[in-house]
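Raw final20.cif, mmCIF, C-alpha atoms:
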```
data_final
loop_
_atom_site.label_atom_id
_atom_site.label_comp_id
_atom_site.auth_asym_id
_atom_site.auth_seq_id
_atom_site.Cartn_x
_atom_site.Cartn_y
_atom_site.Cartn_z
CA MET A 1007 -1.47 -29.01 -25.02
CA LEU A 1008 -4.62 -27.55 -23.56
CA ASN A 1009 -7.08 -26.29 -26.12
CA HIS A 1010 -8.56 -23.10 -24.75
CA ASP A 1011 -11.15 -22.77 -27.51
CA LEU A 1012 -9.96 -19.35 -28.55
CA GLU A 1013 -11.71 -19.45 -31.88
CA GLU A 1014 -13.21 -16.34 -33.40
CA ASP A 1015 -16.70 -17.15 -32.06
CA GLY A 1016 -18.20 -14.40 -34.16
CA ARG A 1017 -16.17 -11.73 -32.35
CA GLY A 1018 -13.90 -9.05 -33.78
CA ARG A 1019 -10.24 -8.61 -32.96
CA GLY A 1020 -9.62 -4.89 -32.66
CA TRP A 1021 -11.19 -1.69 -33.85
CA ALA A 1022 -10.96 0.05 -37.18
CA ALA A 1023 -13.74 2.59 -37.43
CA GLY A 1024 -15.54 2.86 -40.73
CA ARG A 1025 -17.14 6.00 -42.16
CA ARG A 1026 -20.36 4.75 -43.72
CA LEU A 1027 -24.00 4.33 -42.80
CA SER A 1028 -25.51 1.05 -43.83
CA THR A 1029 -28.66 0.73 -45.86
CA VAL A 1030 -30.28 -0.87 -42.86
CA LEU A 1031 -29.35 2.07 -40.65
CA MET A 1032 -30.61 4.66 -43.13
CA LEU A 1033 -33.89 2.84 -43.63
CA THR A 1034 -34.29 2.41 -39.92
CA LEU A 1035 -33.72 6.08 -39.28
CA ALA A 1036 -36.06 7.02 -42.10
CA PHE A 1037 -38.93 4.86 -40.91
CA GLY A 1038 -38.32 5.26 -37.18
CA GLY A 1039 -37.92 1.54 -36.52
CA CYS A 1040 -35.23 -0.49 -34.82
CA VAL A 1041 -33.21 -3.49 -35.84
CA ASP A 1042 -31.98 -5.96 -33.26
CA ALA A 1043 -28.22 -6.18 -33.69
CA ALA A 1044 -28.33 -9.78 -32.53
CA GLU A 1045 -30.42 -10.70 -35.57
CA PRO A 1046 -28.68 -11.34 -38.91
CA THR A 1047 -29.37 -8.62 -41.45
CA GLY A 1048 -27.08 -9.52 -44.34
CA THR A 1049 -25.28 -6.17 -43.97
CA ASP A 1050 -22.11 -5.08 -42.27
CA GLU A 1051 -23.91 -3.00 -39.65
CA ALA A 1052 -27.25 -3.01 -37.94
CA GLU A 1053 -28.75 -0.03 -36.17
CA VAL A 1054 -29.75 -0.62 -32.59
CA CYS A 1055 -32.30 1.47 -30.75
CA ALA A 1056 -30.46 3.74 -28.36
CA ARG A 1057 -33.14 3.15 -25.76
CA ASP A 1058 -32.29 -0.57 -25.79
CA LEU A 1059 -28.58 -0.08 -25.06
CA PRO A 1060 -27.59 0.37 -21.41
CA VAL A 1061 -25.17 2.90 -19.96
CA LEU A 1062 -23.32 2.84 -16.65
CA GLU A 1063 -25.66 3.79 -13.85
CA THR A 1064 -24.16 2.31 -10.67
CA THR A 1065 -22.86 4.92 -8.23
CA GLY A 1066 -19.42 4.87 -6.64
CA TRP A 1067 -17.45 6.21 -9.58
CA PHE A 1068 -15.01 9.07 -8.94
CA ALA A 1069 -15.03 12.56 -10.46
CA GLY A 1070 -16.76 12.01 -13.78
CA ASN A 1071 -15.25 8.60 -14.57
CA ARG A 1072 -18.66 7.06 -15.28
CA GLU A 1073 -19.51 9.88 -17.67
CA ARG A 1074 -16.18 9.56 -19.47
CA ILE A 1075 -16.70 5.83 -19.97
CA ASN A 1076 -20.27 6.36 -21.15
CA ALA A 1077 -19.00 8.93 -23.66
CA MET A 1078 -16.48 6.41 -24.98
CA ILE A 1079 -19.23 3.83 -25.33
CA GLU A 1080 -21.35 6.36 -27.20
CA GLU A 1081 -18.48 7.20 -29.53
CA LEU A 1082 -17.25 3.67 -30.29
CA GLY A 1083 -20.12 1.29 -29.53
CA ARG A 1084 -23.26 0.25 -31.36
CA ARG A 1085 -24.79 3.71 -31.12
CA SER A 1086 -22.03 5.07 -33.33
CA PRO A 1087 -22.65 5.28 -37.09
CA THR A 1088 -19.03 4.15 -37.57
CA TYR A 1089 -19.45 0.94 -35.54
CA ASP A 1090 -18.33 -2.17 -37.39
CA PRO A 1091 -19.47 -5.46 -35.77
CA HIS A 1092 -16.73 -7.31 -37.66
CA HIS A 1093 -14.02 -5.18 -36.04
CA ARG A 1094 -15.33 -4.53 -32.58
CA PRO A 1095 -13.54 -2.24 -30.14
CA VAL A 1096 -11.55 -4.30 -27.66
CA ALA A 1097 -11.62 -3.78 -23.88
CA THR A 1098 -9.13 -5.59 -21.62
CA LEU A 1099 -9.50 -5.76 -17.84
CA ASP A 1100 -7.31 -7.21 -15.14
CA TRP A 1101 -9.15 -9.56 -12.74
CA ASP A 1102 -7.70 -9.45 -9.22
CA ASN A 1103 -8.47 -6.19 -7.39
CA THR A 1104 -9.80 -4.66 -10.61
CA ILE A 1105 -12.93 -6.77 -11.06
CA THR A 1106 -12.63 -8.33 -7.61
CA LYS A 1107 -11.90 -7.00 -4.17
CA ASN A 1108 -9.04 -9.19 -2.89
CA ASP A 1109 -6.97 -11.75 -4.74
CA THR A 1110 -8.26 -14.90 -6.44
CA GLY A 1111 -4.79 -16.45 -6.64
CA ASP A 1112 -4.44 -16.18 -2.87
CA ARG A 1113 -7.95 -17.53 -2.34
CA PHE A 1114 -7.25 -20.54 -4.58
CA THR A 1115 -3.84 -21.25 -3.00
CA PHE A 1116 -5.29 -21.18 0.50
CA TYR A 1117 -8.08 -23.50 -0.62
CA MET A 1118 -5.61 -26.00 -2.09
CA ILE A 1119 -3.59 -26.03 1.14
CA ASN A 1120 -6.57 -26.18 3.50
CA HIS A 1121 -8.36 -28.95 1.58
CA ASP A 1122 -5.41 -31.31 0.97
CA LYS A 1123 -5.43 -30.77 -2.80
CA ILE A 1124 -1.71 -30.33 -3.46
CA LEU A 1125 -0.11 -33.54 -4.71
CA GLN A 1126 3.28 -34.83 -3.61
CA PRO A 1127 5.73 -33.86 -6.37
CA ARG A 1128 7.51 -36.39 -8.52
CA ASP A 1129 10.49 -37.79 -6.60
CA ARG A 1130 9.28 -35.63 -3.68
CA ASP A 1131 11.38 -32.89 -5.27
CA TRP A 1132 9.77 -29.42 -5.41
CA ALA A 1133 12.04 -28.48 -8.29
CA ASN A 1134 9.51 -30.51 -10.30
CA VAL A 1135 6.88 -27.98 -9.20
CA SER A 1136 8.94 -24.82 -9.73
CA PRO A 1137 12.50 -24.82 -11.08
CA HIS A 1138 12.93 -21.35 -9.56
CA LEU A 1139 12.77 -22.53 -5.93
CA SER A 1140 16.06 -22.32 -4.04
CA ASP A 1141 17.90 -25.35 -2.72
CA ALA A 1142 17.01 -24.18 0.78
CA ALA A 1143 13.29 -24.15 -0.08
CA ARG A 1144 13.49 -27.56 -1.73
CA ALA A 1145 15.17 -28.97 1.38
CA ALA A 1146 12.64 -27.33 3.72
CA LEU A 1147 9.69 -28.59 1.70
CA LEU A 1148 11.14 -32.10 1.53
CA ALA A 1149 11.67 -32.15 5.29
CA ALA A 1150 8.19 -30.80 6.07
CA CYS A 1151 6.14 -32.55 3.35
CA GLY A 1152 8.21 -35.47 2.06
CA GLY A 1153 6.85 -38.07 4.46
CA LEU A 1154 3.17 -37.14 4.15
CA ALA A 1155 2.31 -39.00 0.94
CA GLU A 1156 3.65 -40.96 -2.00
CA PRO A 1157 4.41 -39.01 -5.19
CA GLY A 1158 1.19 -38.10 -6.97
CA GLN A 1159 -0.92 -38.45 -3.81
CA PRO A 1160 -2.50 -35.57 -1.82
CA LEU A 1161 -0.45 -33.95 0.92
CA SER A 1162 -2.27 -33.65 4.25
CA THR A 1163 -1.62 -29.92 4.46
CA SER A 1164 -4.83 -29.23 6.36
CA THR A 1165 -3.43 -31.06 9.38
CA SER A 1166 0.34 -30.84 8.81
CA VAL A 1167 1.19 -27.35 9.98
CA PRO A 1168 4.91 -27.58 9.06
CA CYS A 1169 4.14 -28.52 5.45
CA ALA A 1170 1.41 -25.88 5.10
CA ASN A 1171 3.73 -23.28 6.60
CA GLU A 1172 6.59 -23.96 4.19
CA ILE A 1173 4.30 -23.71 1.15
CA TYR A 1174 2.62 -20.55 2.44
CA SER A 1175 5.92 -18.92 3.41
CA ALA A 1176 7.54 -19.58 0.03
CA TYR A 1177 4.44 -18.25 -1.72
CA LEU A 1178 3.78 -15.08 0.29
CA ASN A 1179 6.97 -14.33 2.21
CA GLY A 1180 9.58 -15.51 -0.27
CA LYS A 1181 11.40 -17.28 2.55
CA THR A 1182 11.56 -20.62 4.27
CA ILE A 1183 10.25 -20.82 7.80
CA ALA A 1184 13.90 -20.69 8.89
CA GLY A 1185 14.23 -17.34 7.12
CA LEU A 1186 16.32 -18.46 4.15
CA PRO A 1187 15.52 -17.20 0.61
CA ALA A 1188 12.90 -19.47 -0.98
CA TRP A 1189 13.82 -18.47 -4.53
CA LYS A 1190 17.04 -18.68 -6.50
CA TYR A 1191 16.85 -15.04 -7.53
CA ALA A 1192 14.44 -12.11 -7.49
CA THR A 1193 10.96 -13.43 -8.11
CA VAL A 1194 9.83 -10.46 -10.19
CA THR A 1195 10.88 -9.84 -13.80
CA PRO A 1196 9.20 -7.72 -16.51
CA TYR A 1197 7.58 -10.95 -17.71
CA ALA A 1198 6.87 -13.07 -14.65
CA GLU A 1199 6.34 -13.27 -10.92
CA TYR A 1200 7.45 -16.74 -9.82
CA THR A 1201 5.29 -16.75 -6.69
CA TYR A 1202 2.21 -16.10 -8.87
CA MET A 1203 3.34 -18.92 -11.11
CA LEU A 1204 3.53 -21.22 -8.08
CA THR A 1205 -0.26 -20.92 -7.66
CA ALA A 1206 -0.65 -22.49 -11.09
CA GLN A 1207 2.12 -25.05 -10.62
CA ILE A 1208 0.61 -26.58 -7.46
CA MET A 1209 -2.25 -27.76 -9.71
CA ALA A 1210 0.03 -30.26 -11.41
CA GLY A 1211 -1.39 -33.75 -11.68
CA TYR A 1212 -5.06 -32.87 -11.94
CA LYS A 1213 -7.41 -32.88 -14.91
CA PRO A 1214 -8.54 -29.40 -16.05
CA HIS A 1215 -12.16 -29.98 -15.03
CA GLU A 1216 -11.02 -30.92 -11.52
CA ILE A 1217 -9.13 -27.63 -11.18
CA ARG A 1218 -12.21 -25.73 -12.32
CA GLU A 1219 -14.23 -27.49 -9.63
CA PHE A 1220 -11.66 -26.52 -6.99
CA ALA A 1221 -11.74 -22.93 -8.26
CA GLU A 1222 -15.53 -22.75 -8.01
CA ALA A 1223 -15.41 -24.07 -4.45
CA ALA A 1224 -12.59 -21.70 -3.46
CA MET A 1225 -14.44 -18.68 -4.81
CA ALA A 1226 -17.68 -19.77 -3.18
CA GLU A 1227 -15.91 -19.87 0.18
CA GLY A 1228 -14.59 -16.35 -0.27
CA LEU A 1229 -17.84 -14.92 -1.62
CA ASN A 1230 -19.86 -16.44 1.21
CA ALA A 1231 -17.47 -15.29 3.93
CA PRO A 1232 -18.36 -11.99 5.61
CA VAL A 1233 -16.39 -8.89 4.71
CA GLY A 1234 -13.30 -8.78 6.89
CA ALA A 1235 -13.22 -12.54 7.51
CA THR A 1236 -9.85 -14.25 7.88
CA THR A 1237 -8.64 -17.75 7.20
CA THR A 1238 -5.94 -19.85 8.83
CA VAL A 1239 -3.26 -21.47 6.68
CA GLY A 1240 -0.91 -23.59 8.75
CA SER A 1241 -0.10 -21.25 11.61
CA PHE A 1242 -0.60 -18.12 9.49
CA THR A 1243 -3.71 -15.92 9.40
CA ASP A 1244 -4.64 -14.29 6.11
CA ASN A 1245 -7.55 -12.75 4.24
CA GLY A 1246 -10.60 -15.00 3.95
CA TRP A 1247 -13.10 -13.07 1.83
CA ILE A 1248 -13.52 -11.85 -1.72
CA ARG A 1249 -16.15 -9.84 -3.60
CA ILE A 1250 -16.96 -8.83 -7.15
CA TYR A 1251 -17.22 -5.06 -7.55
CA ASP A 1252 -20.74 -4.15 -8.66
CA GLN A 1253 -19.27 -1.36 -10.77
CA SER A 1254 -16.92 -3.71 -12.59
CA ARG A 1255 -19.67 -6.25 -13.22
CA GLU A 1256 -21.89 -3.53 -14.67
CA LEU A 1257 -19.00 -2.09 -16.70
CA ILE A 1258 -18.39 -5.44 -18.38
CA SER A 1259 -22.07 -5.99 -19.08
CA VAL A 1260 -22.58 -2.51 -20.53
CA LEU A 1261 -19.49 -2.77 -22.72
CA GLN A 1262 -20.64 -6.14 -24.05
CA ASP A 1263 -24.20 -4.96 -24.69
CA ASN A 1264 -22.81 -2.02 -26.60
CA GLY A 1265 -20.77 -4.26 -28.86
CA PHE A 1266 -17.32 -4.16 -27.27
CA ASP A 1267 -15.12 -7.25 -27.34
CA VAL A 1268 -14.37 -7.68 -23.62
CA TRP A 1269 -11.44 -9.75 -22.32
CA ILE A 1270 -10.05 -10.58 -18.89
CA VAL A 1271 -6.24 -10.61 -18.72
CA THR A 1272 -4.98 -11.92 -15.39
CA ALA A 1273 -1.86 -13.18 -13.66
CA SER A 1274 -4.00 -15.73 -11.86
CA PRO A 1275 -4.21 -19.20 -13.40
CA GLN A 1276 -6.29 -19.58 -16.55
CA LEU A 1277 -8.24 -22.57 -15.24
CA VAL A 1278 -9.14 -20.77 -12.01
CA VAL A 1279 -10.48 -17.56 -13.51
CA GLU A 1280 -12.15 -19.14 -16.53
CA ALA A 1281 -14.07 -21.41 -14.14
CA VAL A 1282 -15.86 -18.48 -12.51
CA ALA A 1283 -15.71 -15.52 -14.91
CA ASP A 1284 -18.81 -16.39 -16.92
CA ASP A 1285 -21.08 -16.96 -13.92
CA LEU A 1286 -19.75 -13.99 -11.94
CA VAL A 1287 -19.31 -11.30 -14.61
CA GLY A 1288 -20.50 -12.77 -17.92
CA VAL A 1289 -17.10 -13.21 -19.60
CA PRO A 1290 -16.89 -16.62 -21.31
CA ARG A 1291 -13.91 -18.94 -21.00
CA ASN A 1292 -12.60 -18.14 -24.44
CA HIS A 1293 -12.27 -14.49 -23.41
CA VAL A 1294 -10.09 -15.15 -20.37
CA ILE A 1295 -6.30 -15.01 -20.64
CA GLY A 1296 -4.42 -16.20 -17.55
CA ILE A 1297 -1.40 -18.33 -16.69
CA ARG A 1298 -1.75 -21.24 -19.09
CA GLN A 1299 -0.20 -24.59 -18.39
CA LEU A 1300 0.71 -27.46 -20.63
CA VAL A 1301 -1.45 -30.55 -20.38
CA GLU A 1302 -0.08 -34.04 -20.96
CA HIS A 1303 -2.17 -37.20 -21.04
CA GLY A 1304 -5.18 -35.16 -19.93
CA ARG A 1305 -3.53 -33.76 -16.80
CA VAL A 1306 -2.15 -30.33 -15.98
CA THR A 1307 1.63 -30.11 -15.70
CA ALA A 1308 3.78 -27.60 -13.80
CA ASP A 1309 5.03 -26.18 -17.12
CA THR A 1310 3.51 -23.01 -18.57
CA GLU A 1311 2.76 -22.07 -22.14
CA GLY A 1312 5.11 -19.58 -23.74
CA CYS A 1313 4.55 -16.35 -25.64
CA GLY A 1314 6.69 -14.43 -28.09
CA PRO A 1315 10.34 -15.51 -27.85
CA VAL A 1316 9.68 -17.69 -24.77
CA ALA A 1317 8.89 -21.27 -25.70
CA ASP A 1318 6.46 -23.60 -23.98
CA GLY A 1319 7.95 -25.06 -20.83
CA GLU A 1320 10.61 -22.40 -20.28
CA ASN A 1321 8.51 -21.07 -17.38
CA THR A 1322 9.84 -17.51 -17.54
CA LEU A 1323 6.94 -15.55 -19.07
CA ILE A 1324 3.33 -15.41 -17.91
CA THR A 1325 0.47 -12.92 -18.08
CA PHE A 1326 2.35 -10.44 -15.89
CA ASP A 1327 3.51 -6.89 -16.67
CA GLU A 1328 4.96 -6.93 -20.21
CA GLY A 1329 3.86 -10.56 -20.42
CA LYS A 1330 0.24 -9.36 -20.43
CA ARG A 1331 0.99 -7.27 -23.50
CA CYS A 1332 2.56 -10.35 -25.12
CA TRP A 1333 -0.50 -12.49 -24.51
CA ILE A 1334 -2.90 -9.77 -25.68
CA ASN A 1335 -0.93 -9.47 -28.91
CA LYS A 1336 -0.86 -13.25 -29.27
CA VAL A 1337 -4.42 -14.22 -28.44
CA ILE A 1338 -6.60 -11.21 -29.21
CA PHE A 1339 -4.77 -9.56 -32.10
CA HIS A 1340 -3.06 -12.65 -33.54
CA GLN A 1341 0.32 -10.97 -33.99
CA PRO A 1342 3.22 -13.09 -35.30
CA VAL A 1343 5.56 -14.58 -32.71
CA ALA A 1344 8.32 -12.07 -33.40
CA SER A 1345 5.98 -9.14 -32.65
CA GLN A 1346 4.07 -10.44 -29.65
CA LEU A 1347 6.24 -9.02 -26.88
CA ALA A 1348 6.67 -5.55 -28.36
CA PHE A 1349 4.43 -2.50 -28.20
CA ASN A 1350 2.33 -2.36 -31.37
CA PRO A 1351 2.43 1.11 -32.95
CA ASP A 1352 -0.77 0.40 -34.92
CA PRO A 1353 -3.68 1.69 -32.77
CA SER A 1354 -6.15 -0.51 -34.64
CA GLN A 1355 -4.27 -3.49 -33.21
CA ARG A 1356 -4.57 -2.39 -29.60
CA GLN A 1357 -7.38 -2.24 -27.07
CA VAL A 1358 -9.38 0.99 -26.83
CA PHE A 1359 -10.00 0.55 -23.10
CA ALA A 1360 -7.98 -1.09 -20.33
CA ALA A 1361 -8.34 -1.34 -16.56
CA GLY A 1362 -5.88 -2.39 -13.88
CA ASP A 1363 -4.86 -1.85 -10.27
CA SER A 1364 -1.16 -2.69 -10.15
CA ASP A 1365 2.23 -1.81 -11.55
CA THR A 1366 2.12 -5.26 -13.10
CA ASP A 1367 -0.74 -4.03 -15.30
CA ILE A 1368 1.12 -0.97 -16.51
CA ALA A 1369 2.17 -2.20 -19.97
CA PHE A 1370 -1.26 -3.25 -21.23
CA VAL A 1371 -3.07 -0.34 -19.57
CA LYS A 1372 -0.67 2.14 -21.20
CA ASP A 1373 -1.36 0.48 -24.55
CA ALA A 1374 -5.06 1.43 -24.51
CA THR A 1375 -5.85 4.03 -27.16
CA VAL A 1376 -8.89 5.82 -25.69
CA LEU A 1377 -9.30 5.37 -21.91
CA LYS A 1378 -7.15 3.84 -19.15
CA LEU A 1379 -8.83 3.07 -15.80
CA ALA A 1380 -6.47 2.83 -12.80
CA LEU A 1381 -7.83 1.57 -9.48
CA ASP A 1382 -5.93 3.07 -6.59
CA ARG A 1383 -4.08 0.52 -4.48
CA GLY A 1384 -1.17 2.86 -4.00
CA LYS A 1385 1.01 1.24 -6.68
CA VAL A 1386 3.57 3.86 -7.59
CA GLN A 1387 4.11 3.33 -11.31
CA LEU A 1388 0.41 2.99 -12.12
CA MET A 1389 -0.58 5.94 -9.92
CA CYS A 1390 2.15 8.18 -11.31
CA ASN A 1391 0.92 7.53 -14.83
CA ALA A 1392 -2.74 7.92 -13.88
CA LEU A 1393 -2.24 11.17 -11.99
CA SER A 1394 0.08 12.73 -14.60
CA ASN A 1395 -2.69 11.79 -17.08
CA HIS A 1396 -0.89 12.04 -20.39
CA GLY A 1397 -3.30 12.99 -23.16
CA ASP A 1398 -6.21 13.19 -20.68
CA THR A 1399 -6.79 9.46 -21.22
CA TRP A 1400 -6.38 8.21 -17.62
CA LEU A 1401 -9.16 7.71 -15.07
CA PHE A 1402 -8.05 7.68 -11.41
CA GLN A 1403 -10.46 5.55 -9.36
CA PRO A 1404 -10.39 4.73 -5.61
CA MET A 1405 -11.27 1.11 -4.86
CA PHE A 1406 -15.03 0.60 -4.84
CA ILE A 1407 -15.03 -1.42 -1.59
CA SER A 1408 -12.99 -0.29 1.43
CA PRO A 1409 -10.84 2.22 -0.47
CA ARG A 1410 -7.40 2.79 0.96
CA ALA A 1411 -6.77 6.01 2.85
CA ARG A 1412 -5.80 8.86 0.58
CA ARG A 1413 -2.07 9.42 0.36
CA THR A 1414 -1.26 12.90 1.68
CA THR A 1415 2.33 13.08 0.41
CA PRO A 1416 3.24 13.08 -3.28
CA TYR A 1417 4.31 9.95 -5.11
CA ALA A 1418 8.03 10.21 -5.85
CA CYS A 1419 7.43 9.70 -9.58
CA SER A 1420 10.59 11.54 -10.62
CA THR A 1421 12.82 8.99 -8.88
CA ALA A 1422 10.69 5.81 -8.98
CA ARG A 1423 11.93 2.93 -11.11
CA ASP A 1424 10.23 0.20 -13.11
CA ALA A 1425 10.85 -3.58 -13.12
CA ARG A 1426 13.89 -3.08 -15.35
CA GLY A 1427 15.41 -0.56 -12.96
CA ASN A 1428 14.75 2.40 -15.27
CA LEU A 1429 13.12 5.65 -14.22
CA ILE A 1430 9.41 5.42 -14.93
CA VAL A 1431 8.05 7.31 -17.93
CA ASP A 1432 4.68 8.00 -19.50
CA GLU A 1433 3.35 6.57 -22.78
CA VAL A 1434 5.56 8.78 -24.92
CA GLY A 1435 8.70 8.11 -22.91
CA GLN A 1436 8.73 11.34 -20.92
CA PRO A 1437 9.72 11.51 -17.22
CA ILE A 1438 6.88 12.00 -14.75
CA ALA A 1439 6.92 14.73 -12.13
CA ASP A 1440 5.96 13.86 -8.54
CA GLN A 1441 2.20 13.52 -8.20
CA LEU A 1442 -0.31 14.11 -5.41
CA GLU A 1443 -3.57 12.19 -5.16
CA PRO A 1444 -6.77 14.22 -5.49
CA LEU A 1445 -9.11 14.63 -2.57
CA TYR A 1446 -11.53 11.73 -2.16
#
```
Written as structure tokens, that's how I'd like the structure from this file.
Amino acid sequence: MLNHDLEEDGRGRGWAAGRRLSTVLMLTLAFGGCVDAAEPTGTDEAEVCARDLPVLETTGWFAGNRERINAMIEELGRRSPTYDPHHRPVATLDWDNTITKNDTGDRFTFYMINHDKILQPRDRDWANVSPHLSDAARAALLAACGGLAEPGQPLSTSTSVPCANEIYSAYLNGKTIAGLPAWKYATVTPYAEYTYMLTAQIMAGYKPHEIREFAEAAMAEGLNAPVGATTTVGSFTDNGWIRIYDQSRELISVLQDNGFDVWIVTASPQLVVEAVADDLVGVPRNHVIGIRQLVEHGRVTADTEGCGPVADGENTLITFDEGKRCWINKVIFHQPVASQLAFNPDPSQRQVFAAGDSDTDIAFVKDATVLKLALDRGKVQLMCNALSNHGDTWLFQPMFISPRARRTTPYACSTARDARGNLIVDEVGQPIADQLEPLY
């Protein structure tokens, strides 16, 4: 199995505020000096000069959101007399369309197709890529791609339009080019989205460092493309550009500088996001949690790692919706297997801050104990929760780049349903009245 180097690395795993001032802090205050928190002091806490700790300054935040986040940082971060560097407050952020504008999984998938990086499956059978593909999709992919290469060799998808089209259509349209269902059943569950998983599964056969190299190249293409650029995949035209939000980059940096334990939790592949997260936003590999695949004989397989009750190789739970909660409980808070999938009632074992843009982020964003940032992409469940604002803990935020047009009719929160088919509710299980977006 792949070792993701998720060791402690000197970082805390939650937040349990203390109520004491250290000797160092009292002496520092008494003599007017400052102690660098990065330097060992032999004590549990070290006072840091407030003037040396940054706050959010970038514009573009909506209706006091920046001030609310700065207040949280003041209350819980290194400025606070209750700050404990051994139990740092945890912040968890989604990646795609929360830190980025546009989707990294799409960008990577298009790169793999357009650069002939997808390998012919074993036995030319796409069930060995995803067991969730329908018989119709397997037959269509065999017909379009089966003669292009031997098993384990690259498919010439950059020049074979039929093969590229079948892969693209299964991934984004959920259908074969002939219009037949590409999946055996609904692709979305509370724990997985099988089309998202396909982005990870088409990596099968490569070494991890090779996938990271592909990811860096794919992101470079998108970052260098002008805003609004498109790309051609087979005979389809799709988005061709991606950006990092300046506000999200600054948010991560300020949280880290103020002593927060910052994690990325994404439904894009682990190897893709970990390859670029450090350079682009300063989050190291061992603080990225994405779709994680099993590695055999040094090469990535199409099988994913499990969480909670789902074993390795079952391929039914990824970092998606309630699966994100599972992986946060597993990796960050080290909960036992039996407890990983469930909501943790202990607030010291949950993140203080979370940010997301989609209904598939709802579980882990709801779990945050202090502030919940919701970027507005019009996703009903997330927006209903953000706008109803239980406990005044939600921050509604239009997208920082090319925000969508404001919705002028209310969200039908009272009749909307979640991935399980239940009426959506807030954090305490109460129904949500219909909600109207504020003016922006």
Edge lengths and centre in Å to one decimal, as JSON, of the axis-aligned box that encloses all listed atoms of region 1417-1430 of chain A with 5 Å added on every side?
```
{"center_x": 9.9, "center_y": 4.0, "center_z": -10.2, "size_x": 21.1, "size_y": 25.1, "size_z": 20.2}
```
Which residues of region 1044-1158 of chain A come within 6 Å of region 1187-1211 of chain A, and what is each one's closest atom pair and distance in Å (one decimal), counting only C-alpha atoms, sorted by chain and residue number, as CSV?
```
residue,atom,partner,partner_atom,distance
A:Thr1115,CA,A:Thr1205,CA,5.9
A:Ile1124,CA,A:Ile1208,CA,6.0
A:Val1135,CA,A:Gln1207,CA,5.8
A:His1138,CA,A:Lys1190,CA,5.8
A:Leu1139,CA,A:Trp1189,CA,4.4
A:Ser1140,CA,A:Trp1189,CA,4.5
A:Ala1143,CA,A:Ala1188,CA,4.8
```
On this structure, the PyMOL selection byres ((chain A and resi 1276) around 6) would catch which residues? List them as an mmCIF file with C-alpha atoms, in the coordinates of the input, sorted by chain and number.
```cif
data_model
loop_
_atom_site.group_PDB
_atom_site.id
_atom_site.type_symbol
_atom_site.label_atom_id
_atom_site.label_comp_id
_atom_site.auth_asym_id
_atom_site.auth_seq_id
_atom_site.Cartn_x
_atom_site.Cartn_y
_atom_site.Cartn_z
ATOM 1 C CA PRO A 1275 -4.210 -19.200 -13.400
ATOM 2 C CA LEU A 1277 -8.240 -22.570 -15.240
ATOM 3 C CA VAL A 1278 -9.140 -20.770 -12.010
ATOM 4 C CA VAL A 1279 -10.480 -17.560 -13.510
ATOM 5 C CA GLU A 1280 -12.150 -19.140 -16.530
ATOM 6 C CA GLY A 1296 -4.420 -16.200 -17.550
ATOM 7 C CA ILE A 1297 -1.400 -18.330 -16.690
ATOM 8 C CA ARG A 1298 -1.750 -21.240 -19.090
#
```
Item to check | Explicit residue set for the PyMOL selection byres ((chain A and resi 1238) around 12), as a list in words | outcome: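 For this structure, the PyMOL selection byres ((chain A and resi 1238) around 12) captures Arg1113, Phe1116, Tyr1117, Ile1119, Asn1120, His1121, Thr1163, Ser1164, Thr1165, Val1167, Ala1170, Asn1171, Tyr1174, Ala1235, Thr1236, Thr1237, Val1239, Gly1240, Ser1241, Phe1242, Thr1243, Asp1244, Asn1245 and Gly1246 of chain A.
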File dump, residues just selected, C-alpha atoms, as a JSON list (two decimals), in the coordinates of the input:
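Just written: result-v9.json:
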```
[["chain", "number", "residue", "atom", "x", "y", "z"],
["A", 1113, "ARG", "CA", -7.95, -17.53, -2.34],
["A", 1116, "PHE", "CA", -5.29, -21.18, 0.50],
["A", 1117, "TYR", "CA", -8.08, -23.50, -0.62],
["A", 1119, "ILE", "CA", -3.59, -26.03, 1.14],
["A", 1120, "ASN", "CA", -6.57, -26.18, 3.50],
["A", 1121, "HIS", "CA", -8.36, -28.95, 1.58],
["A", 1163, "THR", "CA", -1.62, -29.92, 4.46],
["A", 1164, "SER", "CA", -4.83, -29.23, 6.36],
["A", 1165, "THR", "CA", -3.43, -31.06, 9.38],
["A", 1167, "VAL", "CA", 1.19, -27.35, 9.98],
["A", 1170, "ALA", "CA", 1.41, -25.88, 5.10],
["A", 1171, "ASN", "CA", 3.73, -23.28, 6.60],
["A", 1174, "TYR", "CA", 2.62, -20.55, 2.44],
["A", 1235, "ALA", "CA", -13.22, -12.54, 7.51],
["A", 1236, "THR", "CA", -9.85, -14.25, 7.88],
["A", 1237, "THR", "CA", -8.64, -17.75, 7.20],
["A", 1239, "VAL", "CA", -3.26, -21.47, 6.68],
["A", 1240, "GLY", "CA", -0.91, -23.59, 8.75],
["A", 1241, "SER", "CA", -0.10, -21.25, 11.61],
["A", 1242, "PHE", "CA", -0.60, -18.12, 9.49],
["A", 1243, "THR", "CA", -3.71, -15.92, 9.40],
["A", 1244, "ASP", "CA", -4.64, -14.29, 6.11],
["A", 1245, "ASN", "CA", -7.55, -12.75, 4.24],
["A", 1246, "GLY", "CA", -10.60, -15.00, 3.95]]
```
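For the atom pair formed by CA of Arg1383 (chain A) and CA of Pro1290 (chain A), the distance is 27.2 Å, given to one decimal.
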Tell me, as a CSV table (one decimal) with C-alpha atoms, keeping the file's coordinate frame, which residues lie within 9 Å of Thr1375 (chain A), counting only C-alpha atoms; anything in the same chain fewer than 3 positions away does not count.
```csv
chain,number,residue,atom,x,y,z
A,1353,PRO,CA,-3.7,1.7,-32.8
A,1354,SER,CA,-6.2,-0.5,-34.6
A,1356,ARG,CA,-4.6,-2.4,-29.6
A,1357,GLN,CA,-7.4,-2.2,-27.1
A,1358,VAL,CA,-9.4,1.0,-26.8
A,1359,PHE,CA,-10.0,0.6,-23.1
A,1360,ALA,CA,-8.0,-1.1,-20.3
A,1372,LYS,CA,-0.7,2.1,-21.2
A,1378,LYS,CA,-7.2,3.8,-19.2
A,1399,THR,CA,-6.8,9.5,-21.2
```
